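Trainee: What follows is target_2.cif, made up of mmCIF, C-alpha atoms:
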data_protein
loop_
_atom_site.label_atom_id
_atom_site.label_comp_id
_atom_site.auth_asym_id
_atom_site.auth_seq_id
_atom_site.Cartn_x
_atom_site.Cartn_y
_atom_site.Cartn_z
CA MET F 1 5.01 -20.29 27.90
CA MET F 2 2.54 -17.79 26.45
CA SER F 3 5.42 -15.98 24.77
CA GLU F 4 6.67 -19.18 23.15
CA THR F 5 3.17 -20.02 21.94
CA HIS F 6 2.71 -16.52 20.54
CA SER F 7 6.06 -16.75 18.72
CA ALA F 8 5.13 -20.09 17.20
CA VAL F 9 1.80 -18.75 15.98
CA ALA F 10 3.45 -15.64 14.55
CA ALA F 11 6.05 -17.75 12.77
CA ALA F 12 3.31 -19.82 11.17
CA GLN F 13 1.36 -16.75 10.06
CA LEU F 14 4.42 -14.88 8.77
CA ARG F 15 6.33 -17.84 7.41
CA ILE F 16 9.47 -17.12 5.44
CA GLU F 17 9.96 -19.12 2.25
CA PRO F 18 12.70 -19.44 -0.37
CA PHE F 19 12.13 -16.99 -3.20
CA LYS F 20 10.90 -19.16 -6.07
CA VAL F 21 10.64 -16.54 -8.83
CA ALA F 22 13.64 -14.33 -9.56
CA CYS F 23 13.19 -10.59 -10.03
CA SER F 24 13.78 -11.08 -13.76
CA GLY F 25 10.68 -13.28 -14.03
CA CYS F 26 8.37 -11.24 -11.81
CA ASN F 27 5.44 -9.55 -13.55
CA LEU F 28 5.82 -6.56 -11.20
CA ARG F 29 9.43 -5.96 -12.18
CA GLU F 30 8.73 -2.67 -13.96
CA LEU F 31 6.98 -1.30 -10.87
CA CYS F 32 9.64 -2.33 -8.36
CA LEU F 33 12.87 -1.90 -10.32
CA PRO F 34 14.38 0.95 -12.34
CA LEU F 35 13.98 0.69 -16.10
CA GLY F 36 17.12 -0.23 -18.02
CA ILE F 37 18.84 -2.08 -15.17
CA SER F 38 21.55 -4.37 -16.57
CA GLU F 39 21.50 -8.15 -16.26
CA ALA F 40 24.49 -8.03 -13.90
CA GLU F 41 22.74 -5.50 -11.66
CA LEU F 42 19.52 -7.50 -11.81
CA GLU F 43 21.35 -10.65 -10.77
CA ARG F 44 22.91 -8.85 -7.79
CA LEU F 45 19.52 -7.50 -6.77
CA SER F 46 17.84 -10.89 -7.14
CA SER F 47 20.44 -12.49 -4.88
CA MET F 48 19.76 -9.80 -2.26
CA VAL F 49 15.97 -10.38 -2.43
CA ALA F 50 16.40 -14.01 -1.46
CA THR F 51 13.26 -14.65 0.59
CA ARG F 52 9.59 -13.86 0.56
CA ARG F 53 7.10 -13.83 3.40
CA SER F 54 3.47 -14.92 3.46
CA VAL F 55 1.14 -12.87 5.65
CA ALA F 56 -2.34 -14.17 6.42
CA ARG F 57 -5.33 -11.84 6.19
CA GLY F 58 -5.68 -9.78 9.37
CA GLU F 59 -2.12 -10.42 10.54
CA ALA F 60 0.67 -7.86 10.96
CA LEU F 61 3.77 -7.75 8.79
CA PHE F 62 5.26 -5.43 11.42
CA ARG F 63 3.99 -3.28 14.27
CA VAL F 64 4.88 0.04 15.89
CA GLY F 65 8.19 -0.29 17.74
CA ASP F 66 9.42 -3.36 15.88
CA PRO F 67 13.11 -3.13 14.86
CA PHE F 68 13.60 -1.97 11.29
CA ALA F 69 15.81 -4.19 9.14
CA SER F 70 14.11 -4.63 5.76
CA LEU F 71 11.86 -3.04 3.24
CA TYR F 72 9.05 -5.18 1.86
CA ALA F 73 8.00 -5.19 -1.80
CA ILE F 74 4.41 -6.40 -2.02
CA ARG F 75 4.32 -9.29 -4.48
CA ALA F 76 0.65 -10.17 -4.02
CA GLY F 77 -2.17 -8.94 -1.82
CA PHE F 78 -3.18 -5.73 -0.11
CA PHE F 79 -2.15 -3.98 3.13
CA LYS F 80 -3.16 -1.06 5.30
CA THR F 81 -0.87 0.96 7.52
CA SER F 82 -2.21 2.50 10.71
CA VAL F 83 -1.23 4.19 13.96
CA SER F 84 -3.05 4.39 17.28
CA SER F 85 -4.57 7.74 18.18
CA GLU F 86 -4.46 9.17 21.69
CA ASP F 87 -7.92 7.78 22.48
CA GLY F 88 -6.86 4.28 21.43
CA ARG F 89 -8.54 4.19 18.01
CA ASP F 90 -6.67 3.00 14.93
CA GLN F 91 -6.02 5.75 12.39
CA VAL F 92 -5.46 4.37 8.90
CA THR F 93 -2.55 6.15 7.20
CA GLY F 94 -2.44 4.33 3.87
CA PHE F 95 -3.38 1.40 1.66
CA GLN F 96 -0.69 -0.47 -0.28
CA MET F 97 -1.01 -2.96 -3.12
CA ALA F 98 1.19 -5.23 -5.24
CA GLY F 99 4.25 -3.46 -6.65
CA GLU F 100 4.52 -0.98 -3.76
CA LEU F 101 6.93 -0.85 -0.82
CA LEU F 102 6.26 -1.16 2.89
CA GLY F 103 8.65 -0.28 5.70
CA LEU F 104 9.91 3.15 4.67
CA ASP F 105 8.62 4.49 7.98
CA GLY F 106 11.43 2.74 9.86
CA ILE F 107 14.39 4.31 8.05
CA GLY F 108 14.74 7.39 10.25
CA THR F 109 14.63 5.78 13.69
CA ASP F 110 15.51 2.12 12.97
CA ARG F 111 12.10 1.18 14.35
CA HIS F 112 8.74 1.01 12.68
CA THR F 113 6.35 3.85 13.45
CA CYS F 114 3.14 2.21 12.21
CA ASP F 115 1.40 -1.16 11.94
CA ALA F 116 1.21 -2.90 8.55
CA ILE F 117 -1.78 -5.27 8.42
CA ALA F 118 -2.70 -7.59 5.55
CA LEU F 119 -6.22 -6.99 4.22
CA GLU F 120 -6.08 -10.30 2.34
CA ASP F 121 -3.67 -13.24 2.19
CA SER F 122 -0.52 -11.60 0.87
CA GLN F 123 3.13 -12.16 -0.02
CA VAL F 124 6.04 -9.76 0.24
CA CYS F 125 9.67 -9.87 -0.90
CA LEU F 126 12.18 -9.02 1.85
CA ILE F 127 14.80 -6.42 0.89
CA PRO F 128 17.49 -6.10 3.62
CA PHE F 129 17.97 -2.36 3.92
CA HIS F 130 21.71 -2.28 4.64
CA GLN F 131 22.32 -4.40 1.53
CA LEU F 132 20.08 -2.11 -0.51
CA GLU F 133 22.11 0.89 0.67
CA ASP F 134 25.37 -0.79 -0.33
CA LEU F 135 24.02 -1.77 -3.74
CA SER F 136 22.57 1.70 -4.32
CA ARG F 137 26.02 3.23 -3.87
CA GLU F 138 27.29 1.03 -6.71
CA PHE F 139 24.33 1.42 -9.07
CA SER F 140 23.20 5.01 -9.51
CA ASP F 141 20.02 3.97 -11.36
CA LEU F 142 18.90 1.94 -8.36
CA GLN F 143 19.64 4.84 -6.00
CA ARG F 144 17.66 7.28 -8.15
CA HIS F 145 14.76 4.82 -8.34
CA PHE F 146 14.72 4.44 -4.57
CA HIS F 147 14.71 8.22 -4.16
CA ARG F 148 11.75 8.43 -6.57
CA ILE F 149 9.86 5.90 -4.46
CA MET F 150 10.48 7.96 -1.32
CA SER F 151 9.42 11.13 -3.13
CA ARG F 152 6.22 9.41 -4.29
CA GLU F 153 5.37 8.58 -0.68
CA ILE F 154 5.93 12.20 0.36
CA VAL F 155 3.70 13.44 -2.46
CA ARG F 156 1.01 10.92 -1.47
CA ASP F 157 1.12 12.15 2.13
CA HIS F 158 0.72 15.73 0.92
CA GLY F 159 -2.23 14.61 -1.18
CA VAL F 160 -3.93 13.16 1.88
CA MET F 161 -3.37 16.44 3.74
CA LEU F 162 -5.14 18.27 0.89
CA LEU F 163 -8.01 15.77 1.06
CA LEU F 164 -8.49 16.32 4.76
CA GLY F 165 -7.98 20.06 4.70
CA SER F 166 -9.99 21.36 1.79
CA MET F 167 -12.42 18.77 0.35
CA ARG F 168 -15.98 17.93 1.24
CA ALA F 169 -16.90 14.31 2.02
CA GLU F 170 -18.02 13.42 -1.53
CA GLU F 171 -14.91 15.01 -3.00
CA ARG F 172 -12.64 13.03 -0.66
CA LEU F 173 -14.27 9.74 -1.59
CA ALA F 174 -14.18 10.58 -5.31
CA ALA F 175 -10.45 11.39 -5.12
CA PHE F 176 -9.81 8.19 -3.18
CA LEU F 177 -11.61 6.03 -5.77
CA LEU F 178 -9.87 7.73 -8.70
CA ASN F 179 -6.47 7.21 -7.06
CA LEU F 180 -7.28 3.56 -6.42
CA THR F 181 -8.43 2.88 -9.97
CA GLN F 182 -5.38 4.65 -11.43
CA ARG F 183 -3.04 2.46 -9.37
CA LEU F 184 -4.93 -0.67 -10.43
CA ARG F 185 -4.74 0.39 -14.09
CA THR F 186 -0.96 0.73 -13.77
CA ARG F 187 -0.85 -2.93 -12.70
CA GLY F 188 -2.90 -4.11 -15.66
CA TYR F 189 -6.22 -4.45 -13.82
CA SER F 190 -9.56 -2.99 -14.80
CA ALA F 191 -9.92 0.66 -13.91
CA SER F 192 -13.71 0.43 -13.84
CA SER F 193 -14.45 -2.78 -11.89
CA LEU F 194 -12.81 -3.39 -8.54
CA VAL F 195 -13.32 -5.15 -5.23
CA LEU F 196 -12.55 -2.99 -2.21
CA ARG F 197 -10.19 -4.86 0.12
CA MET F 198 -10.78 -2.39 2.91
CA THR F 199 -13.99 -1.78 4.85
CA ARG F 200 -15.96 1.45 4.64
CA GLU F 201 -14.92 2.13 8.22
CA GLU F 202 -11.25 1.87 7.18
CA ILE F 203 -11.89 4.18 4.24
CA GLY F 204 -13.49 6.64 6.63
CA SER F 205 -10.53 6.46 8.99
CA TYR F 206 -8.16 7.20 6.11
CA LEU F 207 -10.25 10.08 4.76
CA GLY F 208 -11.17 11.57 8.12
CA LEU F 209 -14.87 10.70 7.72
CA LYS F 210 -17.40 8.84 9.84
CA LEU F 211 -18.66 5.46 8.66
CA GLU F 212 -22.16 6.88 8.12
CA THR F 213 -20.74 9.68 5.96
CA VAL F 214 -18.84 7.24 3.75
CA SER F 215 -21.95 5.08 3.33
CA ARG F 216 -24.08 8.12 2.40
CA ALA F 217 -21.48 9.24 -0.16
CA PHE F 218 -21.43 5.79 -1.79
CA SER F 219 -25.26 5.81 -1.92
CA LYS F 220 -25.26 9.30 -3.44
CA PHE F 221 -22.76 8.28 -6.12
CA GLN F 222 -24.94 5.29 -6.97
CA ASP F 223 -28.12 7.37 -7.08
CA GLU F 224 -26.39 9.83 -9.43
CA GLY F 225 -25.24 7.04 -11.73
CA LEU F 226 -21.53 7.50 -11.04
CA LEU F 227 -21.06 4.05 -9.46
CA GLU F 228 -22.74 0.70 -9.23
CA VAL F 229 -22.21 -0.63 -5.70
CA LYS F 230 -22.76 -4.20 -4.54
CA GLN F 231 -21.25 -4.50 -1.07
CA ARG F 232 -17.48 -4.31 -1.74
CA GLN F 233 -17.81 -4.68 -5.50
CA ILE F 234 -17.58 -1.31 -7.23
CA HIS F 235 -18.21 -0.58 -10.90
CA VAL F 236 -17.22 2.93 -11.94
CA LEU F 237 -19.79 4.04 -14.51
CA LYS F 238 -18.76 7.68 -14.96
CA PRO F 239 -15.15 8.37 -13.97
CA GLU F 240 -15.48 11.81 -15.53
CA GLY F 241 -18.20 12.57 -12.99
CA LEU F 242 -15.89 11.65 -10.12
CA GLN F 243 -13.12 13.75 -11.68
CA ALA F 244 -15.49 16.71 -12.00
CA LEU F 245 -16.18 16.50 -8.25
CA VAL F 246 -12.45 16.55 -7.49
CA ASN F 247 -11.77 19.38 -9.94
CA GLY F 248 -14.58 21.36 -8.35
CA SER F 249 -12.88 21.24 -4.96
CA GLY F 250 -10.37 23.86 -6.06
CA CYS F 251 -7.31 21.72 -5.13
#
Turn the structure described in the file into structure tokens.
Mentor:
Amino acid sequence: MMSETHSAVAAAQLRIEPFKVACSGCNLRELCLPLGISEAELERLSSMVATRRSVARGEALFRVGDPFASLYAIRAGFFKTSVSSEDGRDQVTGFQMAGELLGLDGIGTDRHTCDAIALEDSQVCLIPFHQLEDLSREFSDLQRHFHRIMSREIVRDHGVMLLLGSMRAEERLAAFLLNLTQRLRTRGYSASSLVLRMTREEIGSYLGLKLETVSRAFSKFQDEGLLEVKQRQIHVLKPEGLQALVNGSGC
């Protein structure tokens, strides 16, 4: 009975809906799809991406051990991915926003190796992986684009390793904020004013810092005139100052 109730709740939170806006009309098309894709290829791809899923804030899109069947293109909202450490704590492994893909972790083993949790009410487009593979064999541009996405994820993971291995606390936070603002700029948002969807504790988990250390770094940036901080609202006053911190790390 509990299982049936849990399934019903999960279905309501992760409801699947007909896809109302085709890929051709999506304002994130240039982020998700390869440039120069033909109308015929776009129509095939749109028919494959036939559904979208709504995920309520705080709910999981998928969890560790779930069967892998689809990739998820974030249409709206913000997610974090995390794994459980040996002592039971959640270790944040990434933050994903509109125009980025979730689910790549499941390709190797056919099961997901992390949790993907919505940090705000979000929507994703479902991309059945076996259909994507078939289509990629036909359309070389799509295959190359998918390989670029996977390469980008590898490079991002390497970047995090550099953060954790060679940067001081302030340098890690500066690099994190610069990366976040650059990704927002790519999507047409302000690169100087942003609202953090994640908590400072989640930022600390991602950067390998304690909550108190993250809070002190934010306060120091504000005292030095680099940022204006009002709870989760951040206004970047001197991006060149943040960049100088990162450049000074020697990475």
Trainee: With 6 Å as the cut-off and only C-alpha atoms counted, what is the closest atom pair between each nearby residue of segment 82-161 of chain F and segment 196-219 of chain F? Distances in Å to one decimal, ordered by chain and number, as JSON lines.
Mentor:
{"residue": "F:Gln91", "atom": "CA", "partner": "F:Ser205", "partner_atom": "CA", "distance": 5.7}
{"residue": "F:Val92", "atom": "CA", "partner": "F:Tyr206", "partner_atom": "CA", "distance": 4.8}
{"residue": "F:Thr93", "atom": "CA", "partner": "F:Tyr206", "partner_atom": "CA", "distance": 5.8}
Trainee: For Asp110 of chain F, which residue out of F:Glu59, F:Asp134, F:Glu228, F:Asp66 is the nearest one, using only C-alpha atoms?
Mentor: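 The closest residue to Asp110 of chain F is F:Asp66.
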Trainee: Ranking F:Leu104, F:Ala175, F:Leu242, F:Val124 by minimum distance to His147 of chain F and counting only C-alpha atoms, which one comes first?
Mentor: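 Ranking F:Leu104, F:Ala175, F:Leu242, F:Val124 by distance to His147 of chain F, first place goes to F:Leu104.
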Trainee: Check the smallest atom-to-atom distance from each of F:Gln233, F:Glu153, F:Ile127, F:Gly108 to Ser46 of chain F using only C-alpha atoms, then report the winner.
Mentor: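 Going through F:Gln233, F:Glu153, F:Ile127, F:Gly108 one by one, the smallest distance to Ser46 of chain F is for F:Ile127.
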Trainee: Please write as an mmCIF file with C-alpha atoms, in the frame of the given file the full residue list that the PyMOL selection byres ((chain F and resi 96) around 12) yields on this file.
Mentor:
data_model
loop_
_atom_site.group_PDB
_atom_site.id
_atom_site.type_symbol
_atom_site.label_atom_id
_atom_site.label_comp_id
_atom_site.auth_asym_id
_atom_site.auth_seq_id
_atom_site.Cartn_x
_atom_site.Cartn_y
_atom_site.Cartn_z
ATOM 1 C CA TYR F 72 9.050 -5.180 1.860
ATOM 2 C CA ALA F 73 8.000 -5.190 -1.800
ATOM 3 C CA ILE F 74 4.410 -6.400 -2.020
ATOM 4 C CA ARG F 75 4.320 -9.290 -4.480
ATOM 5 C CA ALA F 76 0.650 -10.170 -4.020
ATOM 6 C CA GLY F 77 -2.170 -8.940 -1.820
ATOM 7 C CA PHE F 78 -3.180 -5.730 -0.110
ATOM 8 C CA PHE F 79 -2.150 -3.980 3.130
ATOM 9 C CA LYS F 80 -3.160 -1.060 5.300
ATOM 10 C CA THR F 81 -0.870 0.960 7.520
ATOM 11 C CA SER F 82 -2.210 2.500 10.710
ATOM 12 C CA VAL F 92 -5.460 4.370 8.900
ATOM 13 C CA THR F 93 -2.550 6.150 7.200
ATOM 14 C CA GLY F 94 -2.440 4.330 3.870
ATOM 15 C CA PHE F 95 -3.380 1.400 1.660
ATOM 16 C CA MET F 97 -1.010 -2.960 -3.120
ATOM 17 C CA ALA F 98 1.190 -5.230 -5.240
ATOM 18 C CA GLY F 99 4.250 -3.460 -6.650
ATOM 19 C CA GLU F 100 4.520 -0.980 -3.760
ATOM 20 C CA LEU F 101 6.930 -0.850 -0.820
ATOM 21 C CA LEU F 102 6.260 -1.160 2.890
ATOM 22 C CA GLY F 103 8.650 -0.280 5.700
ATOM 23 C CA ALA F 116 1.210 -2.900 8.550
ATOM 24 C CA ILE F 117 -1.780 -5.270 8.420
ATOM 25 C CA ALA F 118 -2.700 -7.590 5.550
ATOM 26 C CA LEU F 119 -6.220 -6.990 4.220
ATOM 27 C CA GLU F 120 -6.080 -10.300 2.340
ATOM 28 C CA SER F 122 -0.520 -11.600 0.870
ATOM 29 C CA VAL F 124 6.040 -9.760 0.240
ATOM 30 C CA GLU F 153 5.370 8.580 -0.680
ATOM 31 C CA ARG F 156 1.010 10.920 -1.470
ATOM 32 C CA ASN F 179 -6.470 7.210 -7.060
ATOM 33 C CA LEU F 180 -7.280 3.560 -6.420
ATOM 34 C CA ARG F 183 -3.040 2.460 -9.370
ATOM 35 C CA LEU F 184 -4.930 -0.670 -10.430
ATOM 36 C CA ARG F 197 -10.190 -4.860 0.120
ATOM 37 C CA MET F 198 -10.780 -2.390 2.910
#
Trainee: Residues near Phe68 of chain F, anyone? I mean within 7 Å using all atoms listed in the file, not counting same-chain ones fewer than 6 positions away, as a PyMOL selection string.
Mentor: chain F and resi 106+110-112
Trainee: On this file, the PyMOL selection byres ((chain F and resi 245) around 12) gives some set of residues; write that set as a CSV table (one decimal) with C-alpha atoms, keeping the file's coordinate frame.
Mentor:
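Result file out05.csv:
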chain,number,residue,atom,x,y,z
F,167,MET,CA,-12.4,18.8,0.4
F,168,ARG,CA,-16.0,17.9,1.2
F,169,ALA,CA,-16.9,14.3,2.0
F,170,GLU,CA,-18.0,13.4,-1.5
F,171,GLU,CA,-14.9,15.0,-3.0
F,172,ARG,CA,-12.6,13.0,-0.7
F,173,LEU,CA,-14.3,9.7,-1.6
F,174,ALA,CA,-14.2,10.6,-5.3
F,175,ALA,CA,-10.4,11.4,-5.1
F,176,PHE,CA,-9.8,8.2,-3.2
F,177,LEU,CA,-11.6,6.0,-5.8
F,178,LEU,CA,-9.9,7.7,-8.7
F,221,PHE,CA,-22.8,8.3,-6.1
F,226,LEU,CA,-21.5,7.5,-11.0
F,238,LYS,CA,-18.8,7.7,-15.0
F,239,PRO,CA,-15.2,8.4,-14.0
F,240,GLU,CA,-15.5,11.8,-15.5
F,241,GLY,CA,-18.2,12.6,-13.0
F,242,LEU,CA,-15.9,11.6,-10.1
F,243,GLN,CA,-13.1,13.8,-11.7
F,244,ALA,CA,-15.5,16.7,-12.0
F,246,VAL,CA,-12.4,16.6,-7.5
F,247,ASN,CA,-11.8,19.4,-9.9
F,248,GLY,CA,-14.6,21.4,-8.4
F,249,SER,CA,-12.9,21.2,-5.0
F,250,GLY,CA,-10.4,23.9,-6.1
F,251,CYS,CA,-7.3,21.7,-5.1
Trainee: Using only C-alpha atoms, which residues sit within 8 Å of Leu126 of chain F once same-chain residues fewer than 3 positions away are excluded, as an MDAnalysis selection string?
Mentor: chainID F and resid 49:53 70:73
Trainee: Find the distance between atom CA of Asp141 of chain F and atom CA of Ala40 of chain F and write it in Å to one decimal.
Mentor: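 Atom-to-atom, atom CA of Asp141 of chain F to atom CA of Ala40 of chain F, that is 13.1 Å.
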Trainee: Quick one: of F:Thr186, F:Ser192, F:Glu224, F:Leu142, who's nearest to Arg44 of chain F, counting all atoms listed in the file?
Mentor: F:Leu142
Trainee: Between F:Leu132, F:Ile234, F:Leu45, F:Arg137, which has the minimum distance to Ser190 of chain F (counting all atoms listed in the file)?
Mentor: F:Ile234
Trainee: Would you mind putting N, CA and C atoms back on segment 179-209 of chain F and writing the result as a PDB file, keeping the file's coordinate frame?
Mentor:
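File produced: result_15.pdb:
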ATOM      1  N   ASN F 179      -7.847   7.611  -7.341  1.00  0.00           N
ATOM      2  CA  ASN F 179      -6.470   7.210  -7.060  1.00  0.00           C
ATOM      3  C   ASN F 179      -6.337   5.690  -7.073  1.00  0.00           C
ATOM      4  N   LEU F 180      -7.314   5.015  -6.480  1.00  0.00           N
ATOM      5  CA  LEU F 180      -7.280   3.560  -6.420  1.00  0.00           C
ATOM      6  C   LEU F 180      -7.369   2.945  -7.809  1.00  0.00           C
ATOM      7  N   THR F 181      -8.277   3.440  -8.636  1.00  0.00           N
ATOM      8  CA  THR F 181      -8.430   2.880  -9.970  1.00  0.00           C
ATOM      9  C   THR F 181      -7.209   3.161 -10.847  1.00  0.00           C
ATOM     10  N   GLN F 182      -6.586   4.331 -10.654  1.00  0.00           N
ATOM     11  CA  GLN F 182      -5.380   4.650 -11.430  1.00  0.00           C
ATOM     12  C   GLN F 182      -4.251   3.687 -11.074  1.00  0.00           C
ATOM     13  N   ARG F 183      -4.089   3.386  -9.795  1.00  0.00           N
ATOM     14  CA  ARG F 183      -3.040   2.460  -9.370  1.00  0.00           C
ATOM     15  C   ARG F 183      -3.313   1.054  -9.877  1.00  0.00           C
ATOM     16  N   LEU F 184      -4.578   0.654  -9.900  1.00  0.00           N
ATOM     17  CA  LEU F 184      -4.930  -0.670 -10.430  1.00  0.00           C
ATOM     18  C   LEU F 184      -4.666  -0.732 -11.929  1.00  0.00           C
ATOM     19  N   ARG F 185      -4.974   0.352 -12.643  1.00  0.00           N
ATOM     20  CA  ARG F 185      -4.740   0.390 -14.090  1.00  0.00           C
ATOM     21  C   ARG F 185      -3.255   0.218 -14.393  1.00  0.00           C
ATOM     22  N   THR F 186      -2.406   0.840 -13.576  1.00  0.00           N
ATOM     23  CA  THR F 186      -0.960   0.730 -13.770  1.00  0.00           C
ATOM     24  C   THR F 186      -0.501  -0.717 -13.672  1.00  0.00           C
ATOM     25  N   ARG F 187      -1.214  -1.511 -12.898  1.00  0.00           N
ATOM     26  CA  ARG F 187      -0.850  -2.930 -12.700  1.00  0.00           C
ATOM     27  C   ARG F 187      -1.560  -3.853 -13.664  1.00  0.00           C
ATOM     28  N   GLY F 188      -2.252  -3.301 -14.637  1.00  0.00           N
ATOM     29  CA  GLY F 188      -2.900  -4.110 -15.660  1.00  0.00           C
ATOM     30  C   GLY F 188      -4.291  -4.580 -15.316  1.00  0.00           C
ATOM     31  N   TYR F 189      -4.865  -4.059 -14.207  1.00  0.00           N
ATOM     32  CA  TYR F 189      -6.220  -4.450 -13.820  1.00  0.00           C
ATOM     33  C   TYR F 189      -7.231  -3.462 -14.393  1.00  0.00           C
ATOM     34  N   SER F 190      -8.490  -3.855 -14.339  1.00  0.00           N
ATOM     35  CA  SER F 190      -9.560  -2.990 -14.800  1.00  0.00           C
ATOM     36  C   SER F 190      -9.618  -1.723 -13.950  1.00  0.00           C
ATOM     37  N   ALA F 191      -9.802  -0.605 -14.622  1.00  0.00           N
ATOM     38  CA  ALA F 191      -9.920   0.660 -13.910  1.00  0.00           C
ATOM     39  C   ALA F 191     -11.375   0.999 -13.601  1.00  0.00           C
ATOM     40  N   SER F 192     -12.297   0.138 -14.056  1.00  0.00           N
ATOM     41  CA  SER F 192     -13.710   0.430 -13.840  1.00  0.00           C
ATOM     42  C   SER F 192     -14.384  -0.549 -12.875  1.00  0.00           C
ATOM     43  N   SER F 193     -13.872  -1.777 -12.788  1.00  0.00           N
ATOM     44  CA  SER F 193     -14.450  -2.780 -11.890  1.00  0.00           C
ATOM     45  C   SER F 193     -13.417  -3.174 -10.857  1.00  0.00           C
ATOM     46  N   LEU F 194     -13.757  -3.054  -9.599  1.00  0.00           N
ATOM     47  CA  LEU F 194     -12.810  -3.390  -8.540  1.00  0.00           C
ATOM     48  C   LEU F 194     -13.555  -3.907  -7.320  1.00  0.00           C
ATOM     49  N   VAL F 195     -12.815  -4.662  -6.508  1.00  0.00           N
ATOM     50  CA  VAL F 195     -13.320  -5.150  -5.230  1.00  0.00           C
ATOM     51  C   VAL F 195     -12.532  -4.442  -4.141  1.00  0.00           C
ATOM     52  N   LEU F 196     -13.218  -3.708  -3.290  1.00  0.00           N
ATOM     53  CA  LEU F 196     -12.550  -2.990  -2.210  1.00  0.00           C
ATOM     54  C   LEU F 196     -12.048  -3.986  -1.172  1.00  0.00           C
ATOM     55  N   ARG F 197     -10.759  -3.963  -0.888  1.00  0.00           N
ATOM     56  CA  ARG F 197     -10.190  -4.860   0.120  1.00  0.00           C
ATOM     57  C   ARG F 197     -10.368  -4.306   1.525  1.00  0.00           C
ATOM     58  N   MET F 198     -10.615  -3.033   1.613  1.00  0.00           N
ATOM     59  CA  MET F 198     -10.780  -2.390   2.910  1.00  0.00           C
ATOM     60  C   MET F 198     -12.262  -2.179   3.199  1.00  0.00           C
ATOM     61  N   THR F 199     -12.614  -2.037   4.471  1.00  0.00           N
ATOM     62  CA  THR F 199     -13.990  -1.780   4.850  1.00  0.00           C
ATOM     63  C   THR F 199     -14.295  -0.287   4.689  1.00  0.00           C
ATOM     64  N   ARG F 200     -15.573   0.042   4.717  1.00  0.00           N
ATOM     65  CA  ARG F 200     -15.960   1.450   4.640  1.00  0.00           C
ATOM     66  C   ARG F 200     -15.483   2.198   5.878  1.00  0.00           C
ATOM     67  N   GLU F 201     -15.438   1.502   7.001  1.00  0.00           N
ATOM     68  CA  GLU F 201     -14.920   2.130   8.220  1.00  0.00           C
ATOM     69  C   GLU F 201     -13.449   2.481   8.058  1.00  0.00           C
ATOM     70  N   GLU F 202     -12.669   1.593   7.419  1.00  0.00           N
ATOM     71  CA  GLU F 202     -11.250   1.870   7.180  1.00  0.00           C
ATOM     72  C   GLU F 202     -11.071   3.004   6.186  1.00  0.00           C
ATOM     73  N   ILE F 203     -11.936   3.059   5.174  1.00  0.00           N
ATOM     74  CA  ILE F 203     -11.890   4.180   4.240  1.00  0.00           C
ATOM     75  C   ILE F 203     -12.167   5.486   4.974  1.00  0.00           C
ATOM     76  N   GLY F 204     -13.166   5.453   5.853  1.00  0.00           N
ATOM     77  CA  GLY F 204     -13.490   6.640   6.630  1.00  0.00           C
ATOM     78  C   GLY F 204     -12.344   7.084   7.513  1.00  0.00           C
ATOM     79  N   SER F 205     -11.679   6.130   8.143  1.00  0.00           N
ATOM     80  CA  SER F 205     -10.530   6.460   8.990  1.00  0.00           C
ATOM     81  C   SER F 205      -9.439   7.139   8.169  1.00  0.00           C
ATOM     82  N   TYR F 206      -9.193   6.641   6.971  1.00  0.00           N
ATOM     83  CA  TYR F 206      -8.160   7.200   6.110  1.00  0.00           C
ATOM     84  C   TYR F 206      -8.527   8.609   5.631  1.00  0.00           C
ATOM     85  N   LEU F 207      -9.820   8.803   5.321  1.00  0.00           N
ATOM     86  CA  LEU F 207     -10.250  10.080   4.760  1.00  0.00           C
ATOM     87  C   LEU F 207     -10.726  11.077   5.807  1.00  0.00           C
ATOM     88  N   GLY F 208     -10.709  10.671   7.075  1.00  0.00           N
ATOM     89  CA  GLY F 208     -11.170  11.570   8.120  1.00  0.00           C
ATOM     90  C   GLY F 208     -12.681  11.746   8.122  1.00  0.00           C
ATOM     91  N   LEU F 209     -13.415  10.657   7.795  1.00  0.00           N
ATOM     92  CA  LEU F 209     -14.870  10.700   7.720  1.00  0.00           C
ATOM     93  C   LEU F 209     -15.474   9.626   8.614  1.00  0.00           C
TER      94      LEU F 209
END
